[in-house]
Every structure is written in structure tokens, then in C-alpha cells.
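This report refers to the structure that appears directly beneath it.
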Amino acid sequence: MALLARNFTIRNVLLAGILLMLAGDFMFALNDAMGKWLVASFSVGQVVLIRSIGAFIVLGPMIANQGTARLFHLDRPLLQLLRVVATTADTGLFYAAVVYLPLADVMSFYMAGPIYVAALSHLLLGEKVGWRRWLAILVGFCGVLIILKPSSAAFSMSSGFALVGSIAFGFAIILGRLLRGTSDTTLVTWQTIGTLIVGGVLTIGTWRTPSALDFGAMLLLGVVSCAAHLMITRALKLAPASTLAPLHYTLLLWAVVFGLMFFGDVPGPRILIGAAIVVLAGLFIFHRQKVVEIEVPPENVPKGVN
């Protein structure tokens, strides 16, 4: 009876982790759709600035609970600064890309995050990557090139923003692994401060007074993003990362759905083919890492695009 109760508890905890992961990814996709709607009327800097202020509605109680002193006792401050730069670039470039590109197109670039992480782990962390994963990395890059379509006629500034932003996303994950001893509250607070500062600078000369509805929507954007991050962080504590990692690709599905519902965007065959290649390569990398390391480290699971 005790064994049955234990197994039942384990299954419930696992299910809770899966549901939180799915809910967190849905929230991130909703955040991205809201961001695309807002940057159609306001500058990227203004959206990022007010979004960052909104995030403190969630972060404020967490900082109070942790204590502000812990925010200033940082291990490896240079890496902390680099992570703030990477996460700020990731956020800003994502919103700059969705000004002109459909959500699904931009999200397809960001789905390559695990591929970049696998390559950067070898180059920056000295982790051993076998020939199978290197092959998957190369195949994944081919998928990115299909999405990018890098010709003088087709390459756009927005595609460049999405590509560089997705690479910054990969760097942020790597730096997060190096800083795993730092609390989530501290990491998220400093990255939010980074976007707040950059958003404020970019807003100079481009400020447009928003209506109460628009201002509330931008604040809500920060609340939704921060809540999504916390959901995924909690999910990783309840269920194995190897179980949760494939669920992250539901972001791409929601991007297609929201893009079609709210903006009338229908992804073309090239985007769908490239995205499928990227997703399959990413799933294979997760599978091989599970085989080699028994369990995929939680830090290898993207915690959301923004």
C-alpha cells in the first residue's frame, strides 16, 4: 500500500510538472503575441521599458522575501554582466524582429536555441559532444539557413535581428549554467534591470504617450513573461528535464495559432520545413544528451524566449 501511495504521488508530481511546463510555454507564446501587437504602435524601447516595470509587480514580493542585500552579493560579476547583456539583446531583438516578421517565423529561429547551446557547450565549456550530436547540430543549422534564406534579395534586417537574438538566447542559457548557484530571483531581477535601462535609452526621442489600455497592456506583458518564467522554473523542479524539454517546442505551435488568429499570418512551406528540421535536430540532441548523461541538465532546457 505504501508503495502504491508513493508511486501515485510521483505520478501526480510528474503530471504537475508537465502541466506547469505547458502552461508556462503558453504564457510565453501569449507574451510574444501581445508584444507583436504593441510594437506595431509603439517603439521597441518603449514596450521593453514599460514591460520591465511590469515585471517588478511579480518580482517585488520575491525580492522582499529574499532580501535586497542578496542582489548585490554576486558570484562572478563579469559573467553576471555578460548574461544581462545576452538576455537584454535576446528580448530587444525579438521584439525588433516581430515588428515586420510573423510570430512563427521569428519563433522558428529561437527554436534553434538548444542547437546553439550544444555547439557553445563544446566551444565555451569544454563539454564533450559526440559525432552524432555534431551531425544533429549541422542539420539544425541547415534548418536555420532554410528559414533565413540568406540571399541578397531575401535577407532582411528583421531576419538578422531574429538570428542574432536567438544566438544571444543560446549564450544566455550557457551563462545561466555557469551561474547556477545564483538564485532565480537575483538572475531575473538583474536581467529585468538590464532591459529597463536599455528600453529607457531607446525610448529617448521615440516616446509616445500611451492610453490607459495600452499602458496596462505593456505592464501586463511584464507580468505574463515573469509568471511564465516562474512556471517553467517550478516545472523543472517537479519533473525531469528530459521529460519537459520536448514540450518547449509547443511554443512554435502556439506561435502559428496566435499568428493566424490575431494577425492573419500563415507560415509558408519554407518556414514549416526549416522549423521541422530545427525541431527534429533539437529533439535528437536532447535524446543523445539523455543517453550520454543519463538525465538532461535542467539548465539545457530553454526557459522561454523572452
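Just remember, in the C-alpha cells the first chain shown is A, the second B, etc., residues are 1-based per chain, and ligands are 1-based in the order shown.
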### Message
Show me, as a PyMOL selection string, the residues that have an atom within 12 Å of Leu145 (chain A) when counting only C-alpha atoms, minus same-chain residues fewer than 5 positions from it.
### Response
chain A and resi 108-109+112+138-140+150-151+154-155+159-160+163+270-271+273-275+277-278
### Message
Can you tell me, as a ChimeraX atom specification, which residues in region 101-297 of chain A count as alpha helix (DSSP H) by DSSP?
### Response
/A:103-110,113-125,131-148,157-178,184-203,212-238,241-244,250-263,269-293
Go through region 27-106 of chain A residue by residue and, counting only C-alpha atoms, keep those with an atom at most 8 Å from region 205-215 of chain A; for each kept residue give the shortest atom pair and its distance in Å to one decimal, ordered by chain and increasing number, as CSV.
residue,atom,partner,partner_atom,distance
A:Leu38,CA,A:Asp214,CA,7.7
A:Phe42,CA,A:Arg208,CA,6.8
A:Ser43,CA,A:Thr206,CA,6.5
A:Gln46,CA,A:Trp207,CA,6.6
A:Ile50,CA,A:Phe215,CA,7.5
Atoms to include: N, CA and C atoms. Write the selected residues as a PDB file, in the first residue's frame.
ATOM      1  N   LEU A  38       1.803  45.219 -29.644  1.00  0.00           N
ATOM      2  CA  LEU A  38       2.183  46.511 -29.069  1.00  0.00           C
ATOM      3  C   LEU A  38       3.255  47.223 -29.893  1.00  0.00           C
ATOM      4  N   PHE A  42       3.903  51.180 -30.865  1.00  0.00           N
ATOM      5  CA  PHE A  42       4.886  51.857 -30.011  1.00  0.00           C
ATOM      6  C   PHE A  42       6.284  51.353 -30.341  1.00  0.00           C
ATOM      7  N   SER A  43       7.288  52.170 -30.013  1.00  0.00           N
ATOM      8  CA  SER A  43       8.666  51.770 -30.288  1.00  0.00           C
ATOM      9  C   SER A  43       9.057  50.564 -29.429  1.00  0.00           C
ATOM     10  N   GLN A  46      10.093  51.582 -25.928  1.00  0.00           N
ATOM     11  CA  GLN A  46       9.013  51.926 -25.009  1.00  0.00           C
ATOM     12  C   GLN A  46       8.323  50.669 -24.488  1.00  0.00           C
ATOM     13  N   ILE A  50       8.369  49.678 -20.379  1.00  0.00           N
ATOM     14  CA  ILE A  50       7.175  49.521 -19.534  1.00  0.00           C
ATOM     15  C   ILE A  50       6.971  48.053 -19.179  1.00  0.00           C
TER      16      ILE A  50
END
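Interatomic distance, CA of Cys226 (chain A) to CA of Ile285 (chain A): 27.7 Å.
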Produce a table with one row for each residue of region 9-127 of chain A that has an atom at most 8 Å from any atom of region 174-190 of chain A, each row naming the nearest atom pair and its distance in Å at one decimal; use only C-alpha atoms; arrange rows by chain and rising residue number; format as CSV.
residue,atom,partner,partner_atom,distance
A:Leu59,CA,A:Thr189,CA,7.0
A:Met62,CA,A:Thr185,CA,6.6
A:Ile63,CA,A:Thr185,CA,6.7
A:Gln66,CA,A:Thr185,CA,7.8
A:Arg70,CA,A:Thr186,CA,7.5
A:Leu71,CA,A:Thr186,CA,5.5
A:Leu74,CA,A:Thr182,CA,7.5
A:Asp75,CA,A:Thr182,CA,7.4
A:Arg76,CA,A:Leu179,CA,7.9
A:Leu79,CA,A:Leu175,CA,6.8
A:Gln80,CA,A:Leu179,CA,7.6
A:Leu82,CA,A:Leu175,CA,7.8
A:Arg83,CA,A:Leu175,CA,5.9
A:Val84,CA,A:Trp190,CA,6.6
A:Val117,CA,A:Ile174,CA,6.5
A:Leu120,CA,A:Ile174,CA,7.4
A:Ser121,CA,A:Ile174,CA,7.0
